[in-house]
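S.K.: Take a look at this one; I'll ask things after.
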Amino acid sequence: MGIKDFFLRKMLEKKLQGVPEAQREILLSAMEKNPEFFKRVGDEVKKRVKRGESELVATLAVMRENQAELQKIMRES
């Protein structure tokens, strides 16, 4: 794990504080194994927020659009 990965993991752990530990580890593992998917999702959320959507609405819409791929990633983790 490089320094960039370390800081990314720490940032994600802080964002996921309210999530139970077991689920948090599954999410972090999925993010580490598929960083390009989560980067793409993050970029799309940012675009939607810049267009005026709230972060929550943008995130839910993007995740809904990528639901099949996300389910596949979560099964593999």
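By convention here, the chains of the structure tokens are called A, B, ... in the order presented, each chain's residues are numbered starting at 1, and ligands are numbered starting at 1 in the order presented.
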What are the DSSP alpha helix (DSSP H) residues of chain A, as a count of residues only?
M.R.: 63
S.K.: Report as a VMD selection string all protein, DNA and RNA residues lying within 12 Å of segment 4-7 of chain A, evaluated on only C-alpha atoms, omitting residues in the same chain fewer than 5 positions from it.
M.R.: chain A and resid 12 to 14 28 to 29 31 to 33 35
S.K.: Next, write the just-selected residues to a file, as a PDB file, in the first residue's frame, keeping N, CA and C atoms as the atom set.
M.R.:
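Generated output (selection_19.pdb):
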```pdb
ATOM      1  N   LEU A  12     -11.552   7.752   3.589  1.00  0.00           N
ATOM      2  CA  LEU A  12     -12.776   6.974   3.438  1.00  0.00           C
ATOM      3  C   LEU A  12     -13.274   6.450   4.784  1.00  0.00           C
ATOM      4  N   GLU A  13     -12.359   6.046   5.644  1.00  0.00           N
ATOM      5  CA  GLU A  13     -12.758   5.585   6.975  1.00  0.00           C
ATOM      6  C   GLU A  13     -13.472   6.700   7.728  1.00  0.00           C
ATOM      7  N   LYS A  14     -12.979   7.919   7.595  1.00  0.00           N
ATOM      8  CA  LYS A  14     -13.610   9.063   8.259  1.00  0.00           C
ATOM      9  C   LYS A  14     -15.002   9.319   7.689  1.00  0.00           C
ATOM     10  N   LEU A  28     -14.350  -0.692   1.807  1.00  0.00           N
ATOM     11  CA  LEU A  28     -12.953  -0.290   1.613  1.00  0.00           C
ATOM     12  C   LEU A  28     -12.216  -1.299   0.737  1.00  0.00           C
ATOM     13  N   SER A  29     -12.481  -2.569   0.951  1.00  0.00           N
ATOM     14  CA  SER A  29     -11.859  -3.605   0.130  1.00  0.00           C
ATOM     15  C   SER A  29     -12.281  -3.471  -1.331  1.00  0.00           C
ATOM     16  N   MET A  31     -13.278  -0.782  -2.824  1.00  0.00           N
ATOM     17  CA  MET A  31     -12.676   0.431  -3.370  1.00  0.00           C
ATOM     18  C   MET A  31     -11.208   0.220  -3.713  1.00  0.00           C
ATOM     19  N   GLU A  32     -10.514  -0.538  -2.881  1.00  0.00           N
ATOM     20  CA  GLU A  32      -9.104  -0.807  -3.140  1.00  0.00           C
ATOM     21  C   GLU A  32      -8.918  -1.710  -4.362  1.00  0.00           C
ATOM     22  N   LYS A  33      -9.839  -2.660  -4.561  1.00  0.00           N
ATOM     23  CA  LYS A  33      -9.732  -3.583  -5.687  1.00  0.00           C
ATOM     24  C   LYS A  33     -10.199  -2.966  -6.999  1.00  0.00           C
ATOM     25  N   PRO A  35     -10.416   0.717  -7.948  1.00  0.00           N
ATOM     26  CA  PRO A  35     -10.342   2.174  -7.798  1.00  0.00           C
ATOM     27  C   PRO A  35     -10.849   2.937  -9.027  1.00  0.00           C
TER      28      PRO A  35
END
```
S.K.: Pick from A:Ala30, A:Val19, A:Ile73, A:Val45: nearest to Ala61 of chain A, with only C-alpha atoms counted?
M.R.: A:Val45
S.K.: Which neighbours of Lys15 of chain A fall inside 12 Å, counting only C-alpha atoms, when residues of the same chain fewer than 4 positions from it are skipped, and could you give them as a count of residues only?
M.R.: 8
S.K.: Find the residues near Val49 of chain A: any atom within 12 Å, counting only C-alpha atoms, skip ones fewer than 4 places away on the same chain, and give them as a PyMOL selection string.
M.R.: chain A and resi 42-45+53-62
S.K.: What is the distance between atom CA of Glu65 of chain A and atom CA of Ile26 of chain A, in Å to one decimal?
M.R.: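 Between atom CA of Glu65 of chain A and atom CA of Ile26 of chain A the gap is 20.8 Å.
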